[in-house]
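Next comes upload-v7.pdb, a file with PDB, C-alpha atoms.
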```
MODEL        1
ATOM      1  CA  LEU A   1     -21.338 -11.421  20.075
ATOM      2  CA  ILE A   2     -17.858 -11.953  18.614
ATOM      3  CA  PRO A   3     -16.323 -14.814  16.646
ATOM      4  CA  SER A   4     -13.782 -16.977  18.402
ATOM      5  CA  HIS A   5     -11.150 -16.267  15.754
ATOM      6  CA  ILE A   6     -10.444 -13.675  13.112
ATOM      7  CA  SER A   7      -9.054 -14.882   9.797
ATOM      8  CA  LEU A   8      -7.385 -11.978   8.012
ATOM      9  CA  PRO A   9      -7.009 -13.836   4.667
ATOM     10  CA  ALA A  10     -10.737 -14.637   4.741
ATOM     11  CA  LYS A  11     -11.540 -10.984   5.495
ATOM     12  CA  LEU A  12      -9.356  -9.890   2.576
ATOM     13  CA  ILE A  13     -11.194 -12.262   0.239
ATOM     14  CA  ASN A  14     -14.610 -11.188   1.578
ATOM     15  CA  GLY A  15     -13.672  -7.514   1.383
ATOM     16  CA  GLY A  16     -12.299  -7.915  -2.128
ATOM     17  CA  ILE A  17     -15.297  -9.788  -3.533
ATOM     18  CA  ALA A  18     -17.810  -7.482  -1.834
ATOM     19  CA  GLY A  19     -15.926  -4.357  -2.858
ATOM     20  CA  MET A  20     -15.466  -5.335  -6.492
ATOM     21  CA  VAL A  21     -19.084  -6.434  -6.956
ATOM     22  CA  GLY A  22     -20.365  -3.345  -5.141
ATOM     23  CA  VAL A  23     -18.125  -0.859  -6.953
ATOM     24  CA  THR A  24     -19.035  -2.324 -10.361
ATOM     25  CA  CYS A  25     -22.743  -1.946  -9.571
ATOM     26  CA  VAL A  26     -22.791   1.574  -8.124
ATOM     27  CA  PHE A  27     -19.729   3.386  -9.524
ATOM     28  CA  PRO A  28     -21.676   5.515 -12.070
ATOM     29  CA  ILE A  29     -23.778   6.898  -9.199
ATOM     30  CA  ASP A  30     -20.582   7.660  -7.263
ATOM     31  CA  LEU A  31     -19.240   9.557 -10.274
ATOM     32  CA  ALA A  32     -22.459  11.606 -10.412
ATOM     33  CA  LYS A  33     -22.106  12.322  -6.681
ATOM     34  CA  THR A  34     -18.557  13.677  -7.099
ATOM     35  CA  ARG A  35     -19.523  15.919 -10.016
ATOM     36  CA  LEU A  36     -22.635  17.248  -8.274
ATOM     37  CA  GLN A  37     -20.638  18.019  -5.121
ATOM     38  CA  ASN A  38     -17.938  19.850  -7.044
ATOM     39  CA  GLN A  39     -20.151  22.094  -9.175
ATOM     40  CA  ARG A  40     -20.729  25.578  -7.772
ATOM     41  CA  SER A  41     -23.922  27.602  -7.622
ATOM     42  CA  GLY A  42     -24.381  29.645 -10.785
ATOM     43  CA  GLN A  43     -22.170  27.267 -12.785
ATOM     44  CA  GLN A  44     -24.315  24.168 -12.668
ATOM     45  CA  LEU A  45     -23.778  21.787 -15.556
ATOM     46  CA  TYR A  46     -25.984  19.082 -14.058
ATOM     47  CA  LYS A  47     -29.486  19.401 -12.598
ATOM     48  CA  ASN A  48     -29.513  16.065 -10.771
ATOM     49  CA  MET A  49     -28.060  12.556 -10.813
ATOM     50  CA  MET A  50     -29.895  11.340 -13.932
ATOM     51  CA  ASP A  51     -29.066  14.516 -15.856
ATOM     52  CA  CYS A  52     -25.401  14.061 -14.904
ATOM     53  CA  LEU A  53     -25.309  10.423 -16.049
ATOM     54  CA  ILE A  54     -27.107  11.155 -19.351
ATOM     55  CA  LYS A  55     -24.745  14.043 -20.170
ATOM     56  CA  THR A  56     -21.722  11.921 -19.185
ATOM     57  CA  VAL A  57     -22.742   9.107 -21.552
ATOM     58  CA  LYS A  58     -23.413  11.605 -24.368
ATOM     59  CA  SER A  59     -20.079  13.393 -24.042
ATOM     60  CA  GLU A  60     -17.765  10.614 -22.803
ATOM     61  CA  GLY A  61     -19.471   7.380 -23.832
ATOM     62  CA  TYR A  62     -20.699   4.522 -21.650
ATOM     63  CA  PHE A  63     -17.289   3.888 -20.080
ATOM     64  CA  GLY A  64     -17.088   7.554 -19.128
ATOM     65  CA  MET A  65     -19.340   6.626 -16.205
ATOM     66  CA  TYR A  66     -16.583   4.320 -14.950
ATOM     67  CA  ARG A  67     -13.810   6.920 -15.020
ATOM     68  CA  GLY A  68     -11.671   6.246 -11.930
ATOM     69  CA  ALA A  69     -13.188   2.802 -11.313
ATOM     70  CA  ALA A  70      -9.821   1.057 -11.790
ATOM     71  CA  VAL A  71      -8.412   2.889  -8.750
ATOM     72  CA  ASN A  72     -11.384   1.841  -6.656
ATOM     73  CA  LEU A  73     -11.292  -1.770  -7.832
ATOM     74  CA  THR A  74      -7.574  -1.945  -7.002
ATOM     75  CA  LEU A  75      -7.761  -0.438  -3.524
ATOM     76  CA  VAL A  76     -11.265  -1.446  -2.412
ATOM     77  CA  THR A  77     -10.069  -4.929  -1.327
ATOM     78  CA  PRO A  78      -7.732  -3.719   1.445
ATOM     79  CA  GLU A  79     -10.061  -0.796   2.262
ATOM     80  CA  LYS A  80     -13.124  -2.975   2.844
ATOM     81  CA  ALA A  81     -11.074  -5.690   4.565
ATOM     82  CA  ILE A  82      -9.516  -3.170   6.977
ATOM     83  CA  LYS A  83     -12.869  -1.532   7.745
ATOM     84  CA  LEU A  84     -14.781  -4.759   8.437
ATOM     85  CA  ALA A  85     -11.942  -6.697  10.073
ATOM     86  CA  ALA A  86     -10.896  -3.747  12.273
ATOM     87  CA  ASN A  87     -14.451  -3.324  13.571
ATOM     88  CA  ASP A  88     -14.585  -7.089  14.164
ATOM     89  CA  PHE A  89     -11.239  -6.987  16.006
ATOM     90  CA  PHE A  90     -12.077  -4.002  18.237
ATOM     91  CA  ARG A  91     -15.485  -5.429  19.145
ATOM     92  CA  HIS A  92     -13.671  -8.598  20.181
ATOM     93  CA  GLN A  93     -11.170  -6.654  22.298
ATOM     94  CA  LEU A  94     -13.870  -4.564  23.967
ATOM     95  CA  SER A  95     -15.908  -7.630  24.956
ATOM     96  CA  ARG A  96     -13.079  -9.752  26.370
ATOM     97  CA  ASP A  97     -14.396  -9.309  29.888
ATOM     98  CA  GLY A  98     -17.336 -11.505  28.862
ATOM     99  CA  GLY A  99     -19.921  -8.750  29.215
ATOM    100  CA  LYS A 100     -22.359  -7.665  26.536
ATOM    101  CA  LEU A 101     -21.191  -4.864  24.273
ATOM    102  CA  THR A 102     -22.826  -1.570  25.165
ATOM    103  CA  VAL A 103     -23.772   0.931  22.454
ATOM    104  CA  ILE A 104     -20.867   3.150  23.589
ATOM    105  CA  LYS A 105     -18.413   0.286  23.125
ATOM    106  CA  GLU A 106     -19.918  -0.510  19.726
ATOM    107  CA  MET A 107     -19.480   3.127  18.715
ATOM    108  CA  LEU A 108     -15.891   3.092  20.001
ATOM    109  CA  ALA A 109     -15.138  -0.024  17.924
ATOM    110  CA  GLY A 110     -16.628   1.713  14.868
ATOM    111  CA  CYS A 111     -14.561   4.826  15.594
ATOM    112  CA  CYS A 112     -11.332   2.782  15.695
ATOM    113  CA  ALA A 113     -12.301   0.983  12.456
ATOM    114  CA  GLY A 114     -12.881   4.342  10.757
ATOM    115  CA  MET A 115      -9.469   5.591  11.880
ATOM    116  CA  CYS A 116      -7.752   2.475  10.509
ATOM    117  CA  GLN A 117      -9.330   2.547   7.057
ATOM    118  CA  VAL A 118      -8.168   6.075   6.120
ATOM    119  CA  ILE A 119      -4.690   4.655   5.437
ATOM    120  CA  ILE A 120      -6.161   3.253   2.208
ATOM    121  CA  THR A 121      -9.257   5.435   1.773
ATOM    122  CA  THR A 122      -7.516   8.829   1.551
ATOM    123  CA  PRO A 123      -5.183   8.117  -1.417
ATOM    124  CA  MET A 124      -7.895   6.019  -3.090
ATOM    125  CA  GLU A 125     -10.415   8.874  -2.910
ATOM    126  CA  MET A 126      -7.766  11.432  -3.843
ATOM    127  CA  LEU A 127      -6.992   9.670  -7.144
ATOM    128  CA  LYS A 128     -10.587   8.686  -7.864
ATOM    129  CA  ILE A 129     -11.903  12.246  -7.482
ATOM    130  CA  GLN A 130      -9.391  13.680  -9.998
ATOM    131  CA  LEU A 131     -10.422  11.097 -12.596
ATOM    132  CA  GLN A 132     -14.152  11.416 -11.918
ATOM    133  CA  ASP A 133     -14.138  15.214 -12.062
ATOM    134  CA  ALA A 134     -12.039  15.517 -15.249
ATOM    135  CA  GLY A 135     -15.128  15.172 -17.440
ATOM    136  CA  ARG A 136     -16.979  17.914 -15.573
ATOM    137  CA  LEU A 137     -14.025  20.302 -15.935
ATOM    138  CA  ALA A 138     -13.779  19.536 -19.648
ATOM    139  CA  ALA A 139     -17.512  20.088 -20.133
ATOM    140  CA  GLN A 140     -17.299  23.362 -18.230
ATOM    141  CA  GLN A 141     -14.463  24.552 -20.464
ATOM    142  CA  ARG A 142     -16.558  23.816 -23.558
ATOM    143  CA  MET A 143     -19.442  25.814 -22.074
ATOM    144  CA  VAL A 144     -17.390  28.846 -20.998
ATOM    145  CA  PRO A 145     -18.389  31.124 -23.929
ATOM    146  CA  SER A 146     -22.109  30.459 -23.407
ATOM    147  CA  VAL A 147     -21.782  30.967 -19.660
ATOM    148  CA  VAL A 148     -20.144  34.341 -20.167
ATOM    149  CA  THR A 149     -22.805  35.406 -22.689
ATOM    150  CA  THR A 150     -25.573  34.402 -20.317
ATOM    151  CA  LEU A 151     -24.052  36.209 -17.359
ATOM    152  CA  LYS A 152     -23.408  39.371 -19.444
ATOM    153  CA  MET A 153     -20.618  40.329 -17.092
ATOM    154  CA  GLY A 154     -19.176  42.964 -19.418
ATOM    155  CA  GLY A 155     -15.526  43.858 -19.865
ATOM    156  CA  THR A 156     -12.858  41.212 -19.584
ATOM    157  CA  SER A 157     -14.410  38.197 -17.958
ATOM    158  CA  ALA A 158     -12.550  36.406 -15.212
ATOM    159  CA  VAL A 159     -13.786  33.209 -16.799
ATOM    160  CA  LEU A 160     -12.179  33.946 -20.163
ATOM    161  CA  SER A 161      -8.960  35.145 -18.573
ATOM    162  CA  ARG A 162      -8.171  31.631 -17.315
ATOM    163  CA  SER A 163      -5.292  30.540 -19.537
ATOM    164  CA  TYR A 164      -6.270  26.881 -19.794
ATOM    165  CA  ASN A 165      -9.764  27.550 -21.098
ATOM    166  CA  THR A 166      -8.447  27.680 -24.664
ATOM    167  CA  ASN A 167      -6.851  24.215 -24.395
ATOM    168  CA  PRO A 168      -8.657  21.287 -26.001
ATOM    169  CA  ALA A 169     -10.902  19.460 -23.541
ATOM    170  CA  PRO A 170      -9.653  15.932 -24.303
ATOM    171  CA  GLN A 171      -6.250  16.848 -22.812
ATOM    172  CA  VAL A 172      -7.915  17.232 -19.413
ATOM    173  CA  MET A 173      -9.755  13.929 -19.742
ATOM    174  CA  ARG A 174      -6.839  11.670 -20.697
ATOM    175  CA  VAL A 175      -5.107  11.860 -17.315
ATOM    176  CA  SER A 176      -4.458   8.529 -15.572
ATOM    177  CA  ALA A 177      -4.142   7.511 -11.929
ATOM    178  CA  THR A 178      -0.476   6.630 -12.515
ATOM    179  CA  GLN A 179       0.256  10.107 -13.905
ATOM    180  CA  ILE A 180      -1.476  11.806 -10.975
ATOM    181  CA  THR A 181       0.343   9.605  -8.432
ATOM    182  CA  ARG A 182       3.731  10.220 -10.067
ATOM    183  CA  GLU A 183       3.153  13.975 -10.191
ATOM    184  CA  LEU A 184       1.994  14.142  -6.563
ATOM    185  CA  LEU A 185       4.943  12.077  -5.337
ATOM    186  CA  ARG A 186       7.367  14.215  -7.364
ATOM    187  CA  THR A 187       6.008  17.569  -6.202
ATOM    188  CA  LYS A 188       4.689  16.895  -2.698
ATOM    189  CA  GLY A 189       5.940  13.481  -1.661
ATOM    190  CA  VAL A 190       3.778  10.862   0.039
ATOM    191  CA  THR A 191       1.855  13.592   1.890
ATOM    192  CA  GLY A 192       0.435  14.714  -1.467
ATOM    193  CA  LEU A 193      -1.573  11.484  -1.640
ATOM    194  CA  TYR A 194      -2.956  12.200   1.830
ATOM    195  CA  ARG A 195      -4.337  15.640   1.047
ATOM    196  CA  GLY A 196      -7.716  15.969   2.751
ATOM    197  CA  LEU A 197      -6.794  13.427   5.453
ATOM    198  CA  GLY A 198      -8.477  15.525   8.156
ATOM    199  CA  ALA A 199     -11.701  15.754   6.148
ATOM    200  CA  THR A 200     -11.568  12.006   5.400
ATOM    201  CA  LEU A 201     -11.259  11.294   9.142
ATOM    202  CA  MET A 202     -14.150  13.711   9.763
ATOM    203  CA  ARG A 203     -16.263  11.663   7.364
ATOM    204  CA  ASP A 204     -15.170   8.079   7.993
ATOM    205  CA  ILE A 205     -15.013   8.074  11.805
ATOM    206  CA  PRO A 206     -18.585   9.387  12.316
ATOM    207  CA  PHE A 207     -19.764   7.104   9.499
ATOM    208  CA  SER A 208     -18.357   4.027  11.229
ATOM    209  CA  VAL A 209     -19.629   5.219  14.629
ATOM    210  CA  VAL A 210     -23.168   5.393  13.189
ATOM    211  CA  TYR A 211     -23.019   2.454  10.775
ATOM    212  CA  PHE A 212     -21.606  -0.456  12.770
ATOM    213  CA  PRO A 213     -23.756  -0.215  15.942
ATOM    214  CA  LEU A 214     -26.868   0.496  13.835
ATOM    215  CA  PHE A 215     -26.130  -2.456  11.574
ATOM    216  CA  ALA A 216     -25.462  -4.778  14.533
ATOM    217  CA  HIS A 217     -28.833  -3.930  16.129
ATOM    218  CA  LEU A 218     -30.786  -4.125  12.854
ATOM    219  CA  HIS A 219     -29.117  -7.439  12.083
ATOM    220  CA  GLN A 220     -29.977  -8.783  15.518
ATOM    221  CA  LEU A 221     -33.665  -8.124  14.839
ATOM    222  CA  GLY A 222     -33.520 -10.723  12.069
ATOM    223  CA  GLN A 223     -32.507 -13.599  14.343
ATOM    224  CA  ARG A 224     -34.975 -16.460  14.093
ATOM    225  CA  SER A 225     -34.946 -17.133  17.852
ATOM    226  CA  SER A 226     -32.663 -16.986  20.883
ATOM    227  CA  GLU A 227     -31.861 -20.667  20.342
ATOM    228  CA  ASP A 228     -31.175 -20.162  16.616
ATOM    229  CA  PRO A 229     -29.279 -16.872  16.199
ATOM    230  CA  SER A 230     -28.688 -17.323  12.454
ATOM    231  CA  VAL A 231     -30.021 -14.628  10.126
ATOM    232  CA  PRO A 232     -31.255 -14.998   6.503
ATOM    233  CA  PHE A 233     -28.837 -13.500   3.963
ATOM    234  CA  TYR A 234     -31.505 -11.085   2.670
ATOM    235  CA  TRP A 235     -31.837  -9.647   6.194
ATOM    236  CA  SER A 236     -28.074  -9.034   6.264
ATOM    237  CA  PHE A 237     -28.397  -7.250   2.923
ATOM    238  CA  MET A 238     -31.342  -5.100   4.047
ATOM    239  CA  SER A 239     -29.621  -4.247   7.352
ATOM    240  CA  GLY A 240     -26.446  -3.223   5.510
ATOM    241  CA  CYS A 241     -28.435  -1.108   3.038
ATOM    242  CA  LEU A 242     -30.475   0.711   5.677
ATOM    243  CA  ALA A 243     -27.602   1.315   8.098
ATOM    244  CA  GLY A 244     -25.352   2.395   5.217
ATOM    245  CA  SER A 245     -27.810   4.894   3.736
ATOM    246  CA  ILE A 246     -28.556   6.479   7.141
ATOM    247  CA  ALA A 247     -24.853   6.787   7.990
ATOM    248  CA  ALA A 248     -24.079   8.142   4.494
ATOM    249  CA  VAL A 249     -26.639  10.953   4.690
ATOM    250  CA  THR A 250     -25.535  11.773   8.263
ATOM    251  CA  VAL A 251     -21.942  12.470   7.189
ATOM    252  CA  SER A 252     -22.765  13.957   3.764
ATOM    253  CA  PRO A 253     -21.597  17.494   4.718
ATOM    254  CA  CYS A 254     -18.171  16.083   5.615
ATOM    255  CA  ASP A 255     -18.065  14.255   2.284
ATOM    256  CA  VAL A 256     -18.735  17.505   0.383
ATOM    257  CA  VAL A 257     -15.864  19.221   2.239
ATOM    258  CA  LYS A 258     -13.559  16.264   1.564
ATOM    259  CA  THR A 259     -14.407  16.219  -2.159
ATOM    260  CA  ARG A 260     -13.759  19.952  -2.518
ATOM    261  CA  LEU A 261     -10.431  19.759  -0.645
ATOM    262  CA  GLN A 262      -9.172  16.772  -2.633
ATOM    263  CA  SER A 263      -9.991  18.238  -6.062
ATOM    264  CA  LEU A 264      -6.631  19.426  -7.382
ATOM    265  CA  LYS A 265      -7.901  21.081 -10.577
ATOM    266  CA  LYS A 266     -10.517  23.779 -10.349
ATOM    267  CA  GLY A 267     -12.894  24.993 -13.019
ATOM    268  CA  ALA A 268     -13.529  28.597 -14.032
ATOM    269  CA  ASN A 269     -14.172  30.925 -11.059
ATOM    270  CA  GLU A 270     -14.014  28.041  -8.569
ATOM    271  CA  GLU A 271     -12.671  28.674  -5.090
ATOM    272  CA  THR A 272      -9.510  27.151  -3.665
ATOM    273  CA  TYR A 273      -9.482  26.174   0.001
ATOM    274  CA  ASN A 274      -6.861  26.259   2.745
ATOM    275  CA  GLY A 275      -8.065  23.491   4.988
ATOM    276  CA  VAL A 276     -11.341  22.232   6.446
ATOM    277  CA  VAL A 277     -12.368  25.394   8.325
ATOM    278  CA  ASP A 278     -11.667  27.658   5.332
ATOM    279  CA  CYS A 279     -13.626  25.302   3.075
ATOM    280  CA  VAL A 280     -16.657  25.223   5.406
ATOM    281  CA  ARG A 281     -16.603  29.017   5.768
ATOM    282  CA  LYS A 282     -16.415  29.683   2.012
ATOM    283  CA  ILE A 283     -19.127  27.158   1.125
ATOM    284  CA  LEU A 284     -21.455  28.664   3.752
ATOM    285  CA  ARG A 285     -20.787  32.214   2.580
ATOM    286  CA  LYS A 286     -21.023  31.631  -1.175
ATOM    287  CA  GLU A 287     -23.454  28.715  -1.537
ATOM    288  CA  GLY A 288     -25.395  28.501   1.718
ATOM    289  CA  PRO A 289     -26.054  25.524   4.057
ATOM    290  CA  GLY A 290     -27.851  23.559   1.328
ATOM    291  CA  ALA A 291     -24.527  23.051  -0.501
ATOM    292  CA  PHE A 292     -23.429  20.644   2.231
ATOM    293  CA  LEU A 293     -26.124  18.195   1.122
ATOM    294  CA  LYS A 294     -25.095  18.181  -2.548
ATOM    295  CA  GLY A 295     -24.967  14.597  -3.767
ATOM    296  CA  ALA A 296     -26.456  13.257  -0.501
ATOM    297  CA  SER A 297     -29.055  11.124  -2.260
ATOM    298  CA  CYS A 298     -26.396   9.819  -4.665
ATOM    299  CA  ARG A 299     -24.150   8.924  -1.750
ATOM    300  CA  ALA A 300     -26.994   7.057  -0.028
ATOM    301  CA  LEU A 301     -27.660   5.148  -3.278
ATOM    302  CA  VAL A 302     -23.957   4.281  -3.521
ATOM    303  CA  ILE A 303     -23.358   3.271   0.092
ATOM    304  CA  ALA A 304     -26.590   1.294   0.650
ATOM    305  CA  PRO A 305     -25.976  -1.515  -1.886
ATOM    306  CA  LEU A 306     -22.203  -1.348  -1.346
ATOM    307  CA  PHE A 307     -22.518  -2.209   2.333
ATOM    308  CA  GLY A 308     -25.501  -4.486   1.773
ATOM    309  CA  ILE A 309     -23.419  -6.595  -0.622
ATOM    310  CA  ALA A 310     -20.383  -6.413   1.699
ATOM    311  CA  GLN A 311     -22.352  -7.702   4.659
ATOM    312  CA  VAL A 312     -23.934 -10.554   2.685
ATOM    313  CA  VAL A 313     -20.511 -11.737   1.471
ATOM    314  CA  TYR A 314     -19.090 -11.264   4.965
ATOM    315  CA  PHE A 315     -21.895 -13.130   6.712
ATOM    316  CA  VAL A 316     -22.248 -15.936   4.211
ATOM    317  CA  GLY A 317     -18.522 -16.464   4.731
ATOM    318  CA  VAL A 318     -17.369 -16.708   1.115
ATOM    319  CA  GLY A 319     -13.724 -16.187   2.128
ATOM    320  CA  GLU A 320     -13.955 -18.794   4.878
ATOM    321  CA  PHE A 321     -15.584 -21.246   2.474
ATOM    322  CA  LEU A 322     -12.887 -20.735  -0.188
ATOM    323  CA  LEU A 323     -10.157 -21.267   2.416
ATOM    324  CA  GLY A 324     -11.840 -24.390   3.753
ATOM    325  CA  TYR A 325     -12.989 -22.864   7.048
ATOM    326  CA  THR A 326     -16.482 -23.219   8.438
ATOM    327  CA  PRO A 327     -18.392 -19.994   7.693
ATOM    328  CA  TYR A 328     -19.496 -18.060  10.739
ATOM    329  CA  ASN A 329     -21.580 -14.993  11.507
ATOM    330  CA  ILE A 330     -19.860 -12.062  13.158
ATOM    331  CA  TYR A 331     -22.550 -11.011  15.585
ATOM    332  CA  SER A 332     -24.029 -14.415  16.277
ATOM    333  CA  ALA A 333     -24.116 -15.467  19.880
TER     334      ALA A 333
ENDMDL
END
```
Can the structure in the file be given as structure tokens, please?
Amino acid sequence: LIPSHISLPAKLINGGIAGMVGVTCVFPIDLAKTRLQNQRSGQQLYKNMMDCLIKTVKSEGYFGMYRGAAVNLTLVTPEKAIKLAANDFFRHQLSRDGGKLTVIKEMLAGCCAGMCQVIITTPMEMLKIQLQDAGRLAAQQRMVPSVVTTLKMGGTSAVLSRSYNTNPAPQVMRVSATQITRELLRTKGVTGLYRGLGATLMRDIPFSVVYFPLFAHLHQLGQRSSEDPSVPFYWSFMSGCLAGSIAAVTVSPCDVVKTRLQSLKKGANEETYNGVVDCVRKILRKEGPGAFLKGASCRALVIAPLFGIAQVVYFVGVGEFLLGYTPYNIYSA
């Protein structure tokens, strides 16, 4: 069930191509997911994914939907390569005795892959979230007067007392990944880029534990026969989509916690959190259990094609072909 050799350059090429194609296709949905997860009950700017995307285009233009995409496109190559190649490597190590991989061993390989990828994933998500959420914060600032009028809170509103609410919204939206990185490194050092590492591990390890074994078994169902273990590319795509969407929804609560923890700037009356446990407790108390599934459908729509495309590129062996190797299938006998 494991290839006889692992070509890291080929994995980097496969991961890069798959990641860039996938990110370009689904990034607007990912932006909607981040904004839906970050909005609090009672301060909802967006009703659902479509409403979020329509309002984003109206207020920020078409390219507003791709805010933060440059960070993803830059770091998705090593991130995808590490995730897929690490799973490949650990499956190989766990099956060296010649026996068939058990589900437990497959889950262990996925767990190790998830642990490896956070080296890239955490800073990538950290920067991406700030850029994606800037538009929501700016829109919320523009709506502050109407929100206060609607709530009829009386007296001096806590919303109006926030000093930055009088600043022009565009100032919030012009921030770049380079500026954020420089500021984090200056004020908090390298650890600033790894804020939310625990929550990222909580999300990515279970995701990989669910995704990789599920994908391997779904993919195996597409084999033409025991004599011919090859699988059509569309089956690889469908297997990646299905396994990815199931794993994404499974870990959605962890993704909500991670998004909240990694958001550096908060809107009016939005809570700050001191770690994973504090975040979970405050979300439960103020927004209820349903808040943990905010953006779950968006995340499934993002992850499904992303991993479907990744697996097609990986299985077709684009990287191997470009390097002059013979393409091979990872889980072929």
Result set of the PyMOL selection byres ((chain A and resi 53) around 12) on the coordinates above, as a PDB file with C-alpha atoms, in the frame of the given file:
```
ATOM      1  CA  PHE A  27     -19.729   3.386  -9.524  1.00  0.00           C
ATOM      2  CA  PRO A  28     -21.676   5.515 -12.070  1.00  0.00           C
ATOM      3  CA  ILE A  29     -23.778   6.898  -9.199  1.00  0.00           C
ATOM      4  CA  ASP A  30     -20.582   7.660  -7.263  1.00  0.00           C
ATOM      5  CA  LEU A  31     -19.240   9.557 -10.274  1.00  0.00           C
ATOM      6  CA  ALA A  32     -22.459  11.606 -10.412  1.00  0.00           C
ATOM      7  CA  LYS A  33     -22.106  12.322  -6.681  1.00  0.00           C
ATOM      8  CA  THR A  34     -18.557  13.677  -7.099  1.00  0.00           C
ATOM      9  CA  ARG A  35     -19.523  15.919 -10.016  1.00  0.00           C
ATOM     10  CA  LEU A  36     -22.635  17.248  -8.274  1.00  0.00           C
ATOM     11  CA  LEU A  45     -23.778  21.787 -15.556  1.00  0.00           C
ATOM     12  CA  TYR A  46     -25.984  19.082 -14.058  1.00  0.00           C
ATOM     13  CA  LYS A  47     -29.486  19.401 -12.598  1.00  0.00           C
ATOM     14  CA  ASN A  48     -29.513  16.065 -10.771  1.00  0.00           C
ATOM     15  CA  MET A  49     -28.060  12.556 -10.813  1.00  0.00           C
ATOM     16  CA  MET A  50     -29.895  11.340 -13.932  1.00  0.00           C
ATOM     17  CA  ASP A  51     -29.066  14.516 -15.856  1.00  0.00           C
ATOM     18  CA  CYS A  52     -25.401  14.061 -14.904  1.00  0.00           C
ATOM     19  CA  ILE A  54     -27.107  11.155 -19.351  1.00  0.00           C
ATOM     20  CA  LYS A  55     -24.745  14.043 -20.170  1.00  0.00           C
ATOM     21  CA  THR A  56     -21.722  11.921 -19.185  1.00  0.00           C
ATOM     22  CA  VAL A  57     -22.742   9.107 -21.552  1.00  0.00           C
ATOM     23  CA  LYS A  58     -23.413  11.605 -24.368  1.00  0.00           C
ATOM     24  CA  SER A  59     -20.079  13.393 -24.042  1.00  0.00           C
ATOM     25  CA  GLU A  60     -17.765  10.614 -22.803  1.00  0.00           C
ATOM     26  CA  GLY A  61     -19.471   7.380 -23.832  1.00  0.00           C
ATOM     27  CA  TYR A  62     -20.699   4.522 -21.650  1.00  0.00           C
ATOM     28  CA  PHE A  63     -17.289   3.888 -20.080  1.00  0.00           C
ATOM     29  CA  GLY A  64     -17.088   7.554 -19.128  1.00  0.00           C
ATOM     30  CA  MET A  65     -19.340   6.626 -16.205  1.00  0.00           C
ATOM     31  CA  TYR A  66     -16.583   4.320 -14.950  1.00  0.00           C
ATOM     32  CA  GLN A 132     -14.152  11.416 -11.918  1.00  0.00           C
ATOM     33  CA  GLY A 135     -15.128  15.172 -17.440  1.00  0.00           C
ATOM     34  CA  ARG A 136     -16.979  17.914 -15.573  1.00  0.00           C
ATOM     35  CA  CYS A 298     -26.396   9.819  -4.665  1.00  0.00           C
TER      36      CYS A 298
END
```
Selection dump of the PyMOL selection byres ((chain A and resi 220-224) around 10), as a ChimeraX atom specification: /A:214-219,225-236,239,331-333
Would you save the residues of that selection, restricted to C-alpha atoms, as a PDB file, keeping the file's coordinate frame?
```
ATOM      1  CA  LEU A 214     -26.868   0.496  13.835  1.00  0.00           C
ATOM      2  CA  PHE A 215     -26.130  -2.456  11.574  1.00  0.00           C
ATOM      3  CA  ALA A 216     -25.462  -4.778  14.533  1.00  0.00           C
ATOM      4  CA  HIS A 217     -28.833  -3.930  16.129  1.00  0.00           C
ATOM      5  CA  LEU A 218     -30.786  -4.125  12.854  1.00  0.00           C
ATOM      6  CA  HIS A 219     -29.117  -7.439  12.083  1.00  0.00           C
ATOM      7  CA  SER A 225     -34.946 -17.133  17.852  1.00  0.00           C
ATOM      8  CA  SER A 226     -32.663 -16.986  20.883  1.00  0.00           C
ATOM      9  CA  GLU A 227     -31.861 -20.667  20.342  1.00  0.00           C
ATOM     10  CA  ASP A 228     -31.175 -20.162  16.616  1.00  0.00           C
ATOM     11  CA  PRO A 229     -29.279 -16.872  16.199  1.00  0.00           C
ATOM     12  CA  SER A 230     -28.688 -17.323  12.454  1.00  0.00           C
ATOM     13  CA  VAL A 231     -30.021 -14.628  10.126  1.00  0.00           C
ATOM     14  CA  PRO A 232     -31.255 -14.998   6.503  1.00  0.00           C
ATOM     15  CA  PHE A 233     -28.837 -13.500   3.963  1.00  0.00           C
ATOM     16  CA  TYR A 234     -31.505 -11.085   2.670  1.00  0.00           C
ATOM     17  CA  TRP A 235     -31.837  -9.647   6.194  1.00  0.00           C
ATOM     18  CA  SER A 236     -28.074  -9.034   6.264  1.00  0.00           C
ATOM     19  CA  SER A 239     -29.621  -4.247   7.352  1.00  0.00           C
ATOM     20  CA  TYR A 331     -22.550 -11.011  15.585  1.00  0.00           C
ATOM     21  CA  SER A 332     -24.029 -14.415  16.277  1.00  0.00           C
ATOM     22  CA  ALA A 333     -24.116 -15.467  19.880  1.00  0.00           C
TER      23      ALA A 333
END
```
Length of the atom CA of Pro305 of chain A to atom CA of Phe321 of chain A vector [Å]: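 Taking atom CA of Pro305 of chain A as the start and atom CA of Phe321 of chain A as the end point, the length is 22.7 Å.
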Separation of atom CA of Thr200 of chain A from atom CA of Leu131 of chain A in Å: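 Interatomic distance, atom CA of Leu131 of chain A to atom CA of Thr200 of chain A: 18.1 Å.
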Residue nearest Lys80 of chain A among A:Ile120, A:Leu323, A:Ile180, A:Leu108 (counting only C-alpha atoms): A:Ile120
Neighbour list for Gly22 of chain A as a count of residues only, cut-off 10 Å, all atoms listed in the file, skip fewer than 3 positions in-chain: 18
Please write the residues picked by the PyMOL selection byres ((chain A and resi 87) around 6) on this file as a compact mmCIF listing (two decimals) with C-alpha atoms, keeping the file's coordinate frame.
```txt
# COMPACT_ATOMS: atom_id res chain seq x y z
CA LEU A 84 -14.78 -4.76 8.44
CA ALA A 85 -11.94 -6.70 10.07
CA ALA A 86 -10.90 -3.75 12.27
CA ASP A 88 -14.58 -7.09 14.16
CA PHE A 89 -11.24 -6.99 16.01
CA PHE A 90 -12.08 -4.00 18.24
CA ALA A 109 -15.14 -0.02 17.92
CA GLY A 110 -16.63 1.71 14.87
CA ALA A 113 -12.30 0.98 12.46
```
